[in-house]
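As provided, structure_26.pdb (PDB, C-alpha atoms, pLDDT in the B column) reads as follows.
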ATOM      1  CA  MET A   1      36.371 -36.273 -38.525  1.00 96.00           C
ATOM      2  CA  LYS A   2      40.050 -37.121 -38.300  1.00 98.00           C
ATOM      3  CA  ILE A   3      40.739 -39.369 -41.272  1.00 98.00           C
ATOM      4  CA  ALA A   4      43.493 -41.736 -42.371  1.00 98.00           C
ATOM      5  CA  LEU A   5      43.669 -42.316 -46.110  1.00 98.00           C
ATOM      6  CA  ILE A   6      44.806 -45.856 -46.884  1.00 98.00           C
ATOM      7  CA  GLY A   7      45.909 -45.674 -50.503  1.00 96.00           C
ATOM      8  CA  TYR A   8      46.905 -42.292 -51.836  1.00 96.00           C
ATOM      9  CA  GLY A   9      46.214 -42.617 -55.540  1.00 92.00           C
ATOM     10  CA  ASN A  10      43.717 -40.550 -57.537  1.00 90.00           C
ATOM     11  CA  MET A  11      40.745 -41.680 -55.451  1.00 93.00           C
ATOM     12  CA  GLY A  12      42.527 -41.050 -52.157  1.00 95.00           C
ATOM     13  CA  LYS A  13      43.440 -37.555 -53.282  1.00 95.00           C
ATOM     14  CA  ASP A  14      39.831 -36.858 -54.322  1.00 95.00           C
ATOM     15  CA  VAL A  15      38.594 -37.986 -50.896  1.00 97.00           C
ATOM     16  CA  GLU A  16      41.164 -35.670 -49.319  1.00 97.00           C
ATOM     17  CA  LEU A  17      40.023 -32.637 -51.348  1.00 96.00           C
ATOM     18  CA  LEU A  18      36.365 -33.123 -50.458  1.00 97.00           C
ATOM     19  CA  ALA A  19      37.112 -33.982 -46.823  1.00 97.00           C
ATOM     20  CA  LEU A  20      39.074 -30.755 -46.364  1.00 97.00           C
ATOM     21  CA  LYS A  21      36.309 -28.796 -48.085  1.00 97.00           C
ATOM     22  CA  GLN A  22      33.799 -30.300 -45.623  1.00 97.00           C
ATOM     23  CA  GLY A  23      35.972 -29.302 -42.653  1.00 97.00           C
ATOM     24  CA  HIS A  24      37.483 -32.704 -41.823  1.00 98.00           C
ATOM     25  CA  GLN A  25      41.165 -33.341 -41.097  1.00 98.00           C
ATOM     26  CA  ILE A  26      43.528 -35.725 -42.854  1.00 98.00           C
ATOM     27  CA  ILE A  27      45.680 -37.109 -40.042  1.00 96.00           C
ATOM     28  CA  ALA A  28      47.534 -39.782 -42.001  1.00 97.00           C
ATOM     29  CA  ARG A  29      48.189 -40.879 -45.573  1.00 97.00           C
ATOM     30  CA  VAL A  30      49.414 -44.403 -46.290  1.00 97.00           C
ATOM     31  CA  ASP A  31      50.655 -45.730 -49.614  1.00 95.00           C
ATOM     32  CA  PRO A  32      53.376 -48.313 -50.368  1.00 91.00           C
ATOM     33  CA  LEU A  33      54.878 -45.877 -52.874  1.00 87.00           C
ATOM     34  CA  GLY A  34      55.442 -43.351 -50.066  1.00 81.00           C
ATOM     35  CA  GLY A  35      56.037 -39.689 -50.878  1.00 83.00           C
ATOM     36  CA  ASP A  36      55.893 -36.383 -49.026  1.00 88.00           C
ATOM     37  CA  ASN A  37      53.765 -36.732 -45.865  1.00 91.00           C
ATOM     38  CA  VAL A  38      52.870 -40.286 -46.922  1.00 94.00           C
ATOM     39  CA  SER A  39      53.768 -43.342 -44.837  1.00 95.00           C
ATOM     40  CA  PRO A  40      54.559 -46.597 -46.680  1.00 94.00           C
ATOM     41  CA  THR A  41      52.973 -48.732 -43.937  1.00 94.00           C
ATOM     42  CA  ILE A  42      50.135 -48.703 -41.404  1.00 95.00           C
ATOM     43  CA  THR A  43      51.158 -48.498 -37.744  1.00 93.00           C
ATOM     44  CA  GLU A  44      49.145 -48.157 -34.553  1.00 91.00           C
ATOM     45  CA  GLU A  45      51.049 -44.986 -33.718  1.00 94.00           C
ATOM     46  CA  LEU A  46      50.113 -43.476 -37.081  1.00 95.00           C
ATOM     47  CA  LEU A  47      46.409 -44.169 -36.424  1.00 96.00           C
ATOM     48  CA  SER A  48      46.374 -43.172 -32.750  1.00 95.00           C
ATOM     49  CA  GLU A  49      44.465 -39.907 -33.280  1.00 96.00           C
ATOM     50  CA  VAL A  50      42.355 -41.093 -36.240  1.00 97.00           C
ATOM     51  CA  ASN A  51      38.555 -41.431 -36.082  1.00 97.00           C
ATOM     52  CA  VAL A  52      38.154 -43.482 -39.274  1.00 98.00           C
ATOM     53  CA  CYS A  53      40.226 -45.041 -42.068  1.00 98.00           C
ATOM     54  CA  ILE A  54      39.147 -44.774 -45.705  1.00 98.00           C
ATOM     55  CA  GLU A  55      40.750 -47.330 -48.019  1.00 98.00           C
ATOM     56  CA  PHE A  56      41.034 -47.042 -51.800  1.00 96.00           C
ATOM     57  CA  ALA A  57      43.991 -49.318 -52.498  1.00 94.00           C
ATOM     58  CA  GLN A  58      44.924 -52.477 -54.408  1.00 92.00           C
ATOM     59  CA  PRO A  59      42.751 -55.587 -53.855  1.00 92.00           C
ATOM     60  CA  GLN A  60      45.677 -57.714 -52.703  1.00 94.00           C
ATOM     61  CA  SER A  61      46.350 -55.138 -49.970  1.00 95.00           C
ATOM     62  CA  THR A  62      42.847 -54.922 -48.518  1.00 96.00           C
ATOM     63  CA  LEU A  63      42.971 -57.927 -46.165  1.00 96.00           C
ATOM     64  CA  PRO A  64      46.441 -57.050 -44.763  1.00 96.00           C
ATOM     65  CA  ASN A  65      45.322 -53.423 -44.377  1.00 97.00           C
ATOM     66  CA  ILE A  66      42.230 -54.470 -42.425  1.00 97.00           C
ATOM     67  CA  GLN A  67      44.296 -56.744 -40.190  1.00 96.00           C
ATOM     68  CA  ARG A  68      46.584 -53.829 -39.311  1.00 95.00           C
ATOM     69  CA  ILE A  69      43.793 -51.262 -38.878  1.00 97.00           C
ATOM     70  CA  VAL A  70      41.654 -53.340 -36.507  1.00 95.00           C
ATOM     71  CA  ARG A  71      44.542 -53.543 -34.033  1.00 92.00           C
ATOM     72  CA  SER A  72      43.967 -49.836 -33.460  1.00 93.00           C
ATOM     73  CA  GLY A  73      40.217 -50.310 -33.036  1.00 95.00           C
ATOM     74  CA  LYS A  74      39.418 -47.823 -35.823  1.00 96.00           C
ATOM     75  CA  PRO A  75      36.355 -48.080 -38.106  1.00 97.00           C
ATOM     76  CA  ILE A  76      37.021 -48.618 -41.800  1.00 98.00           C
ATOM     77  CA  VAL A  77      35.426 -47.582 -45.094  1.00 98.00           C
ATOM     78  CA  ILE A  78      36.574 -49.707 -48.042  1.00 98.00           C
ATOM     79  CA  GLY A  79      36.186 -48.558 -51.638  1.00 95.00           C
ATOM     80  CA  THR A  80      38.674 -51.046 -53.074  1.00 93.00           C
ATOM     81  CA  THR A  81      37.176 -53.761 -55.297  1.00 87.00           C
ATOM     82  CA  GLY A  82      38.417 -57.186 -56.333  1.00 85.00           C
ATOM     83  CA  TRP A  83      38.653 -58.698 -52.812  1.00 92.00           C
ATOM     84  CA  TYR A  84      35.056 -59.814 -52.221  1.00 90.00           C
ATOM     85  CA  HIS A  85      35.950 -63.530 -52.212  1.00 92.00           C
ATOM     86  CA  GLN A  86      37.499 -62.719 -48.817  1.00 95.00           C
ATOM     87  CA  ILE A  87      34.327 -61.222 -47.300  1.00 95.00           C
ATOM     88  CA  PRO A  88      33.703 -64.200 -44.930  1.00 96.00           C
ATOM     89  CA  GLN A  89      37.241 -63.840 -43.560  1.00 96.00           C
ATOM     90  CA  VAL A  90      36.933 -60.056 -43.287  1.00 96.00           C
ATOM     91  CA  LYS A  91      33.568 -60.355 -41.525  1.00 96.00           C
ATOM     92  CA  LYS A  92      35.122 -62.591 -38.874  1.00 97.00           C
ATOM     93  CA  ILE A  93      38.044 -60.193 -38.365  1.00 97.00           C
ATOM     94  CA  ILE A  94      35.663 -57.244 -37.990  1.00 97.00           C
ATOM     95  CA  GLN A  95      33.438 -59.114 -35.523  1.00 96.00           C
ATOM     96  CA  ASP A  96      36.332 -60.532 -33.486  1.00 96.00           C
ATOM     97  CA  ASN A  97      37.825 -57.055 -33.060  1.00 96.00           C
ATOM     98  CA  ALA A  98      34.484 -55.261 -32.450  1.00 96.00           C
ATOM     99  CA  VAL A  99      35.048 -52.536 -35.041  1.00 97.00           C
ATOM    100  CA  GLY A 100      32.832 -51.121 -37.761  1.00 98.00           C
ATOM    101  CA  CYS A 101      33.370 -51.433 -41.514  1.00 98.00           C
ATOM    102  CA  VAL A 102      31.450 -50.273 -44.595  1.00 98.00           C
ATOM    103  CA  TYR A 103      32.358 -51.528 -48.061  1.00 97.00           C
ATOM    104  CA  ALA A 104      31.060 -50.868 -51.556  1.00 93.00           C
ATOM    105  CA  PRO A 105      32.158 -51.394 -55.142  1.00 86.00           C
ATOM    106  CA  ASN A 106      30.825 -47.902 -55.775  1.00 88.00           C
ATOM    107  CA  PHE A 107      30.057 -45.176 -53.215  1.00 94.00           C
ATOM    108  CA  SER A 108      28.144 -42.938 -55.648  1.00 91.00           C
ATOM    109  CA  LEU A 109      24.687 -42.073 -54.284  1.00 91.00           C
ATOM    110  CA  GLY A 110      23.291 -41.864 -57.814  1.00 92.00           C
ATOM    111  CA  LEU A 111      24.688 -45.260 -58.716  1.00 93.00           C
ATOM    112  CA  ASN A 112      23.145 -46.858 -55.650  1.00 91.00           C
ATOM    113  CA  LEU A 113      19.778 -45.346 -56.558  1.00 91.00           C
ATOM    114  CA  PHE A 114      20.365 -46.698 -60.073  1.00 95.00           C
ATOM    115  CA  LEU A 115      20.775 -50.202 -58.614  1.00 94.00           C
ATOM    116  CA  GLN A 116      17.363 -49.902 -56.964  1.00 92.00           C
ATOM    117  CA  ILE A 117      15.876 -48.855 -60.320  1.00 95.00           C
ATOM    118  CA  VAL A 118      17.524 -51.862 -62.007  1.00 96.00           C
ATOM    119  CA  LYS A 119      16.062 -54.135 -59.339  1.00 94.00           C
ATOM    120  CA  THR A 120      12.550 -52.725 -59.792  1.00 95.00           C
ATOM    121  CA  SER A 121      12.803 -52.897 -63.598  1.00 96.00           C
ATOM    122  CA  ALA A 122      13.945 -56.519 -63.519  1.00 95.00           C
ATOM    123  CA  LYS A 123      11.039 -57.414 -61.219  1.00 93.00           C
ATOM    124  CA  LEU A 124       8.585 -55.835 -63.668  1.00 94.00           C
ATOM    125  CA  LEU A 125      10.025 -57.123 -66.923  1.00 93.00           C
ATOM    126  CA  HIS A 126      10.839 -60.705 -66.033  1.00 88.00           C
ATOM    127  CA  SER A 127       7.134 -61.521 -66.291  1.00 88.00           C
ATOM    128  CA  PHE A 128       7.272 -60.993 -70.045  1.00 90.00           C
ATOM    129  CA  ASP A 129       9.122 -63.660 -71.999  1.00 88.00           C
ATOM    130  CA  ASN A 130       9.851 -61.388 -74.953  1.00 92.00           C
ATOM    131  CA  TYR A 131      12.454 -59.337 -73.016  1.00 94.00           C
ATOM    132  CA  ASP A 132      16.100 -60.299 -72.756  1.00 95.00           C
ATOM    133  CA  ALA A 133      18.688 -58.538 -70.577  1.00 95.00           C
ATOM    134  CA  PHE A 134      22.388 -57.719 -70.563  1.00 95.00           C
ATOM    135  CA  ALA A 135      24.740 -55.153 -69.011  1.00 97.00           C
ATOM    136  CA  MET A 136      27.656 -52.999 -70.190  1.00 97.00           C
ATOM    137  CA  GLU A 137      30.298 -50.982 -68.345  1.00 97.00           C
ATOM    138  CA  ILE A 138      33.068 -48.585 -69.374  1.00 96.00           C
ATOM    139  CA  HIS A 139      35.966 -47.448 -67.187  1.00 95.00           C
ATOM    140  CA  HIS A 140      39.246 -45.587 -67.532  1.00 94.00           C
ATOM    141  CA  ARG A 141      42.294 -47.349 -68.938  1.00 94.00           C
ATOM    142  CA  ASN A 142      44.016 -47.628 -65.533  1.00 89.00           C
ATOM    143  CA  LYS A 143      41.276 -49.667 -63.851  1.00 88.00           C
ATOM    144  CA  ILE A 144      42.659 -53.052 -62.859  1.00 83.00           C
ATOM    145  CA  ASP A 145      39.620 -55.317 -62.423  1.00 85.00           C
ATOM    146  CA  SER A 146      37.244 -56.288 -65.226  1.00 90.00           C
ATOM    147  CA  PRO A 147      34.309 -56.440 -65.073  1.00 92.00           C
ATOM    148  CA  SER A 148      33.933 -53.783 -62.391  1.00 90.00           C
ATOM    149  CA  GLY A 149      32.656 -54.659 -58.934  1.00 85.00           C
ATOM    150  CA  THR A 150      29.566 -52.592 -59.711  1.00 89.00           C
ATOM    151  CA  ALA A 151      28.931 -54.549 -62.918  1.00 94.00           C
ATOM    152  CA  LYS A 152      29.115 -57.782 -60.936  1.00 92.00           C
ATOM    153  CA  MET A 153      26.607 -56.337 -58.458  1.00 90.00           C
ATOM    154  CA  ILE A 154      24.290 -55.459 -61.358  1.00 95.00           C
ATOM    155  CA  GLY A 155      24.730 -58.999 -62.652  1.00 96.00           C
ATOM    156  CA  ASP A 156      23.775 -60.462 -59.268  1.00 94.00           C
ATOM    157  CA  ILE A 157      20.648 -58.284 -59.166  1.00 95.00           C
ATOM    158  CA  LEU A 158      19.581 -59.447 -62.616  1.00 96.00           C
ATOM    159  CA  LEU A 159      20.225 -63.099 -61.754  1.00 96.00           C
ATOM    160  CA  GLU A 160      18.048 -62.712 -58.662  1.00 94.00           C
ATOM    161  CA  TYR A 161      15.172 -60.728 -60.149  1.00 92.00           C
ATOM    162  CA  PHE A 162      15.229 -61.854 -63.799  1.00 91.00           C
ATOM    163  CA  PRO A 163      14.691 -65.615 -63.305  1.00 86.00           C
ATOM    164  CA  GLY A 164      15.397 -66.527 -66.922  1.00 86.00           C
ATOM    165  CA  LYS A 165      19.046 -65.652 -66.308  1.00 92.00           C
ATOM    166  CA  GLN A 166      21.087 -68.124 -64.295  1.00 93.00           C
ATOM    167  CA  HIS A 167      24.765 -67.581 -65.147  1.00 94.00           C
ATOM    168  CA  LEU A 168      27.029 -64.563 -65.655  1.00 94.00           C
ATOM    169  CA  VAL A 169      29.267 -64.493 -68.718  1.00 95.00           C
ATOM    170  CA  THR A 170      32.013 -61.871 -68.621  1.00 94.00           C
ATOM    171  CA  GLU A 171      34.470 -63.089 -71.241  1.00 91.00           C
ATOM    172  CA  CYS A 172      34.416 -62.452 -74.995  1.00 88.00           C
ATOM    173  CA  LEU A 173      31.835 -64.697 -76.659  1.00 88.00           C
ATOM    174  CA  ASN A 174      32.861 -66.445 -79.861  1.00 91.00           C
ATOM    175  CA  ARG A 175      29.689 -68.481 -79.893  1.00 93.00           C
ATOM    176  CA  LYS A 176      25.938 -68.124 -79.635  1.00 95.00           C
ATOM    177  CA  ILE A 177      24.886 -67.119 -76.132  1.00 94.00           C
ATOM    178  CA  SER A 178      22.503 -69.414 -74.263  1.00 94.00           C
ATOM    179  CA  PRO A 179      19.158 -67.932 -73.128  1.00 93.00           C
ATOM    180  CA  GLU A 180      19.972 -68.547 -69.452  1.00 94.00           C
ATOM    181  CA  GLU A 181      23.298 -66.677 -69.678  1.00 96.00           C
ATOM    182  CA  LEU A 182      23.612 -62.994 -68.756  1.00 96.00           C
ATOM    183  CA  HIS A 183      26.346 -61.218 -70.681  1.00 97.00           C
ATOM    184  CA  ILE A 184      28.323 -58.381 -69.044  1.00 97.00           C
ATOM    185  CA  VAL A 185      30.423 -56.422 -71.538  1.00 96.00           C
ATOM    186  CA  SER A 186      33.426 -54.384 -70.302  1.00 96.00           C
ATOM    187  CA  ALA A 187      35.514 -51.727 -72.043  1.00 96.00           C
ATOM    188  CA  ARG A 188      38.644 -49.927 -70.804  1.00 96.00           C
ATOM    189  CA  SER A 189      39.819 -46.702 -72.414  1.00 96.00           C
ATOM    190  CA  GLY A 190      40.526 -43.048 -71.791  1.00 95.00           C
ATOM    191  CA  HIS A 191      39.481 -41.362 -68.561  1.00 93.00           C
ATOM    192  CA  PHE A 192      35.907 -42.566 -67.949  1.00 93.00           C
ATOM    193  CA  PRO A 193      35.147 -42.460 -64.173  1.00 90.00           C
ATOM    194  CA  GLY A 194      32.521 -45.131 -64.782  1.00 91.00           C
ATOM    195  CA  THR A 195      29.497 -45.787 -67.000  1.00 95.00           C
ATOM    196  CA  HIS A 196      27.086 -48.661 -66.325  1.00 97.00           C
ATOM    197  CA  SER A 197      24.164 -49.651 -68.546  1.00 98.00           C
ATOM    198  CA  VAL A 198      21.448 -52.259 -68.291  1.00 98.00           C
ATOM    199  CA  ILE A 199      19.434 -53.049 -71.408  1.00 97.00           C
ATOM    200  CA  PHE A 200      16.147 -54.942 -71.613  1.00 96.00           C
ATOM    201  CA  ASP A 201      15.524 -55.755 -75.265  1.00 96.00           C
ATOM    202  CA  SER A 202      12.635 -57.258 -77.227  1.00 95.00           C
ATOM    203  CA  GLU A 203      11.645 -57.403 -80.895  1.00 95.00           C
ATOM    204  CA  GLU A 204       9.180 -54.594 -80.241  1.00 96.00           C
ATOM    205  CA  ASP A 205      11.288 -52.136 -78.230  1.00 96.00           C
ATOM    206  CA  SER A 206      14.270 -51.640 -75.968  1.00 96.00           C
ATOM    207  CA  LEU A 207      14.598 -50.146 -72.490  1.00 96.00           C
ATOM    208  CA  GLU A 208      17.990 -48.784 -71.476  1.00 97.00           C
ATOM    209  CA  LEU A 209      19.007 -47.704 -67.971  1.00 98.00           C
ATOM    210  CA  VAL A 210      22.277 -45.776 -67.715  1.00 98.00           C
ATOM    211  CA  HIS A 211      24.349 -44.261 -64.923  1.00 96.00           C
ATOM    212  CA  ARG A 212      27.293 -42.064 -65.918  1.00 95.00           C
ATOM    213  CA  ALA A 213      29.679 -40.774 -63.298  1.00 91.00           C
ATOM    214  CA  ARG A 214      30.955 -37.302 -64.203  1.00 90.00           C
ATOM    215  CA  SER A 215      33.903 -37.424 -61.823  1.00 88.00           C
ATOM    216  CA  ARG A 216      35.224 -39.298 -58.800  1.00 87.00           C
ATOM    217  CA  ALA A 217      33.781 -36.599 -56.519  1.00 90.00           C
ATOM    218  CA  GLY A 218      30.545 -38.573 -56.186  1.00 91.00           C
ATOM    219  CA  PHE A 219      32.467 -41.593 -54.915  1.00 92.00           C
ATOM    220  CA  ALA A 220      34.331 -39.401 -52.418  1.00 96.00           C
ATOM    221  CA  PHE A 221      31.052 -37.909 -51.139  1.00 95.00           C
ATOM    222  CA  GLY A 222      29.574 -41.352 -50.498  1.00 95.00           C
ATOM    223  CA  ALA A 223      32.742 -42.611 -48.812  1.00 97.00           C
ATOM    224  CA  LEU A 224      32.721 -39.655 -46.409  1.00 97.00           C
ATOM    225  CA  LEU A 225      29.011 -40.198 -45.732  1.00 96.00           C
ATOM    226  CA  ALA A 226      29.780 -43.827 -44.861  1.00 97.00           C
ATOM    227  CA  ALA A 227      32.697 -42.710 -42.671  1.00 97.00           C
ATOM    228  CA  GLN A 228      30.371 -40.513 -40.596  1.00 96.00           C
ATOM    229  CA  TRP A 229      27.706 -43.246 -40.380  1.00 97.00           C
ATOM    230  CA  ILE A 230      30.033 -46.006 -39.144  1.00 97.00           C
ATOM    231  CA  GLN A 231      31.484 -44.001 -36.230  1.00 91.00           C
ATOM    232  CA  GLU A 232      29.271 -45.490 -33.526  1.00 87.00           C
ATOM    233  CA  ARG A 233      28.558 -48.878 -35.129  1.00 95.00           C
ATOM    234  CA  LYS A 234      30.180 -52.312 -35.061  1.00 97.00           C
ATOM    235  CA  GLY A 235      30.108 -55.014 -37.725  1.00 97.00           C
ATOM    236  CA  LEU A 236      30.431 -55.306 -41.502  1.00 97.00           C
ATOM    237  CA  TYR A 237      27.947 -53.350 -43.650  1.00 97.00           C
ATOM    238  CA  ALA A 238      27.383 -52.946 -47.359  1.00 94.00           C
ATOM    239  CA  PHE A 239      26.864 -49.307 -48.391  1.00 94.00           C
ATOM    240  CA  GLU A 240      23.288 -50.159 -49.371  1.00 89.00           C
ATOM    241  CA  GLN A 241      22.570 -50.824 -45.683  1.00 91.00           C
ATOM    242  CA  VAL A 242      23.866 -47.339 -44.863  1.00 92.00           C
ATOM    243  CA  LEU A 243      21.614 -45.715 -47.433  1.00 90.00           C
ATOM    244  CA  LYS A 244      18.534 -47.632 -46.323  1.00 87.00           C
ATOM    245  CA  THR A 245      18.819 -45.950 -42.913  1.00 89.00           C
ATOM    246  CA  LEU A 246      19.010 -42.536 -44.614  1.00 83.00           C
ATOM    247  CA  TRP A 247      16.398 -42.818 -47.364  1.00 77.00           C
ATOM    248  CA  LYS A 248      13.045 -41.212 -46.522  1.00 68.00           C
ATOM    249  CA  ASN A 249       9.990 -43.380 -47.154  1.00 60.00           C
TER     250      ASN A 249
END
What does this structure look like when you write it as structure tokens?
Amino acid sequence: MKIALIGYGNMGKDVELLALKQGHQIIARVDPLGGDNVSPTITEELLSEVNVCIEFAQPQSTLPNIQRIVRSGKPIVIGTTGWYHQIPQVKKIIQDNAVGCVYAPNFSLGLNLFLQIVKTSAKLLHSFDNYDAFAMEIHHRNKIDSPSGTAKMIGDILLEYFPGKQHLVTECLNRKISPEELHIVSARSGHFPGTHSVIFDSEEDSLELVHRARSRAGFAFGALLAAQWIQERKGLYAFEQVLKTLWKN
């Protein structure tokens, strides 16, 4: 593949390393901070020879980036989080311009399998009134959004499959939590690539599900997998839809 990296921070550089190792080419690098061999803006000329754009940027940049990319008719993979309130608008842009786009709060294959395990566990345990549920996540000190997009996805799964929970609470609680509230706890420190935990707790025992990313390489692998998958497709897809076509029954 001939790839344009939209956002050339740590994640963009990790995608580049793995892409080159897999035999792909990096045709363009775009970042508002510029730098050697890095363009500050997206142009049609810059993307003319590109097969796919992979975006790990700032959430406020995602919609403008998409609007510029679709003019070139290139498919897009989006790993940026914090822009999901704009999904209806993005979906219309993607459909109107007949391009393909895959997005995910987390492109780790292991994490996406973890989400399926969380879903199954919630389905099993919600039948027993003695279990309560909550979620925790830890990320590096430079992460901007809190809670993480993945933590919000976990929260949505638990709200759907653990009927006793009806509302997400993400702020610090200086009060007693209500039974229908699902608490998501976030911590930011150090260099953690990402740790997500779901705990089902009762007076008798506790079940804990944990996914720990060891590095950003797993996210890069999933992003490149999505980039290959979207080549001949049109429309907006969540990464889970990509994986469902690849999982063996």
Rank A:Asp36, A:His85, A:Ala98, A:Leu246 by their smallest atom-to-atom distance to A:Gln60, using only C-alpha atoms, and report the top residue only.
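Once distances to A:Gln60 are computed over only C-alpha atoms, the minimum belongs to A:His85.
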Do you know which residues are at most 10 Å from A:Ala213 counting all atoms listed in the file, after dropping those on the same chain fewer than 4 positions away, and could you put them as a PDB file with C-alpha atoms, in the coordinates of the input?
ATOM      1  CA  SER A 108      28.144 -42.938 -55.648  1.00 91.00           C
ATOM      2  CA  GLY A 110      23.291 -41.864 -57.814  1.00 92.00           C
ATOM      3  CA  LEU A 111      24.688 -45.260 -58.716  1.00 93.00           C
ATOM      4  CA  HIS A 139      35.966 -47.448 -67.187  1.00 95.00           C
ATOM      5  CA  PHE A 192      35.907 -42.566 -67.949  1.00 93.00           C
ATOM      6  CA  PRO A 193      35.147 -42.460 -64.173  1.00 90.00           C
ATOM      7  CA  GLY A 194      32.521 -45.131 -64.782  1.00 91.00           C
ATOM      8  CA  THR A 195      29.497 -45.787 -67.000  1.00 95.00           C
ATOM      9  CA  HIS A 196      27.086 -48.661 -66.325  1.00 97.00           C
ATOM     10  CA  ALA A 217      33.781 -36.599 -56.519  1.00 90.00           C
ATOM     11  CA  GLY A 218      30.545 -38.573 -56.186  1.00 91.00           C
ATOM     12  CA  PHE A 219      32.467 -41.593 -54.915  1.00 92.00           C
TER      13      PHE A 219
END
Which residue of A:Ala238, A:Val185, A:Val52, A:Ile27 approaches A:Lys74 most closely, using only C-alpha atoms:
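Answer, going by the shortest atom-to-atom distance: A:Val52.
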Close residues, A:Arg68 itself excluded, 8 Å, only C-alpha atoms, min 2 positions apart in chain, as a list in words:
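After dropping sequence-adjacent residues, the list is Ile42, Thr43, Glu44, Pro64, Asn65, Ile66, Val70, Arg71 and Ser72 of chain A.
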Would you kindly translate the PyMOL selection byres ((chain A and resi 171) around 10) into the concrete residues it picks from this file, as number ranges by chain?
A: 146-147, 168-170, 172-174, 183-186
Could you please take those selected residues and save C-alpha atoms as a PDB file, keeping the file's coordinate frame?
ATOM      1  CA  SER A 146      37.244 -56.288 -65.226  1.00 90.00           C
ATOM      2  CA  PRO A 147      34.309 -56.440 -65.073  1.00 92.00           C
ATOM      3  CA  LEU A 168      27.029 -64.563 -65.655  1.00 94.00           C
ATOM      4  CA  VAL A 169      29.267 -64.493 -68.718  1.00 95.00           C
ATOM      5  CA  THR A 170      32.013 -61.871 -68.621  1.00 94.00           C
ATOM      6  CA  CYS A 172      34.416 -62.452 -74.995  1.00 88.00           C
ATOM      7  CA  LEU A 173      31.835 -64.697 -76.659  1.00 88.00           C
ATOM      8  CA  ASN A 174      32.861 -66.445 -79.861  1.00 91.00           C
ATOM      9  CA  HIS A 183      26.346 -61.218 -70.681  1.00 97.00           C
ATOM     10  CA  ILE A 184      28.323 -58.381 -69.044  1.00 97.00           C
ATOM     11  CA  VAL A 185      30.423 -56.422 -71.538  1.00 96.00           C
ATOM     12  CA  SER A 186      33.426 -54.384 -70.302  1.00 96.00           C
TER      13      SER A 186
END
Mind telling me what the PyMOL selection byres ((chain A and resi 5-17) around 9) catches here, as a compact mmCIF listing (two decimals) with C-alpha atoms, in the coordinates of the input?
# COMPACT_ATOMS: atom_id res chain seq x y z
CA ILE A 3 40.74 -39.37 -41.27
CA ALA A 4 43.49 -41.74 -42.37
CA LEU A 18 36.36 -33.12 -50.46
CA ALA A 19 37.11 -33.98 -46.82
CA LEU A 20 39.07 -30.76 -46.36
CA LYS A 21 36.31 -28.80 -48.08
CA GLN A 22 33.80 -30.30 -45.62
CA HIS A 24 37.48 -32.70 -41.82
CA GLN A 25 41.16 -33.34 -41.10
CA ILE A 26 43.53 -35.72 -42.85
CA ILE A 27 45.68 -37.11 -40.04
CA ALA A 28 47.53 -39.78 -42.00
CA ARG A 29 48.19 -40.88 -45.57
CA VAL A 30 49.41 -44.40 -46.29
CA ASP A 31 50.66 -45.73 -49.61
CA PRO A 32 53.38 -48.31 -50.37
CA LEU A 33 54.88 -45.88 -52.87
CA GLY A 34 55.44 -43.35 -50.07
CA VAL A 38 52.87 -40.29 -46.92
CA ILE A 42 50.14 -48.70 -41.40
CA VAL A 52 38.15 -43.48 -39.27
CA CYS A 53 40.23 -45.04 -42.07
CA ILE A 54 39.15 -44.77 -45.70
CA GLU A 55 40.75 -47.33 -48.02
CA PHE A 56 41.03 -47.04 -51.80
CA ALA A 57 43.99 -49.32 -52.50
CA GLN A 58 44.92 -52.48 -54.41
CA ASN A 65 45.32 -53.42 -44.38
CA ARG A 216 35.22 -39.30 -58.80
CA ALA A 217 33.78 -36.60 -56.52
CA PHE A 219 32.47 -41.59 -54.92
CA ALA A 220 34.33 -39.40 -52.42
CA PHE A 221 31.05 -37.91 -51.14
CA ALA A 223 32.74 -42.61 -48.81
CA LEU A 224 32.72 -39.66 -46.41
Could you tell me which residues the PyMOL selection byres ((chain A and resi 96) around 12) returns for this structure, as a list in words?
Gln67, Val70, Arg71, Gly73, Gln89, Val90, Lys91, Lys92, Ile93, Ile94, Gln95, Asn97, Ala98, Val99, Gly100, Lys234, Gly235 and Leu236 of chain A
Option closest in space to A:Gly79, from A:Tyr161, A:Phe239, A:Tyr131, A:Trp229 [counting only C-alpha atoms]
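Between A:Tyr161, A:Phe239, A:Tyr131, A:Trp229, the residue approaching A:Gly79 most closely is A:Phe239.
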Given all atoms listed in the file as the basis, pick out the residue of A:Thr41, A:Ser202, A:Thr150, A:Ser127 nearest to A:Asn112.
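Closest to A:Asn112, using all atoms listed in the file: A:Thr150.
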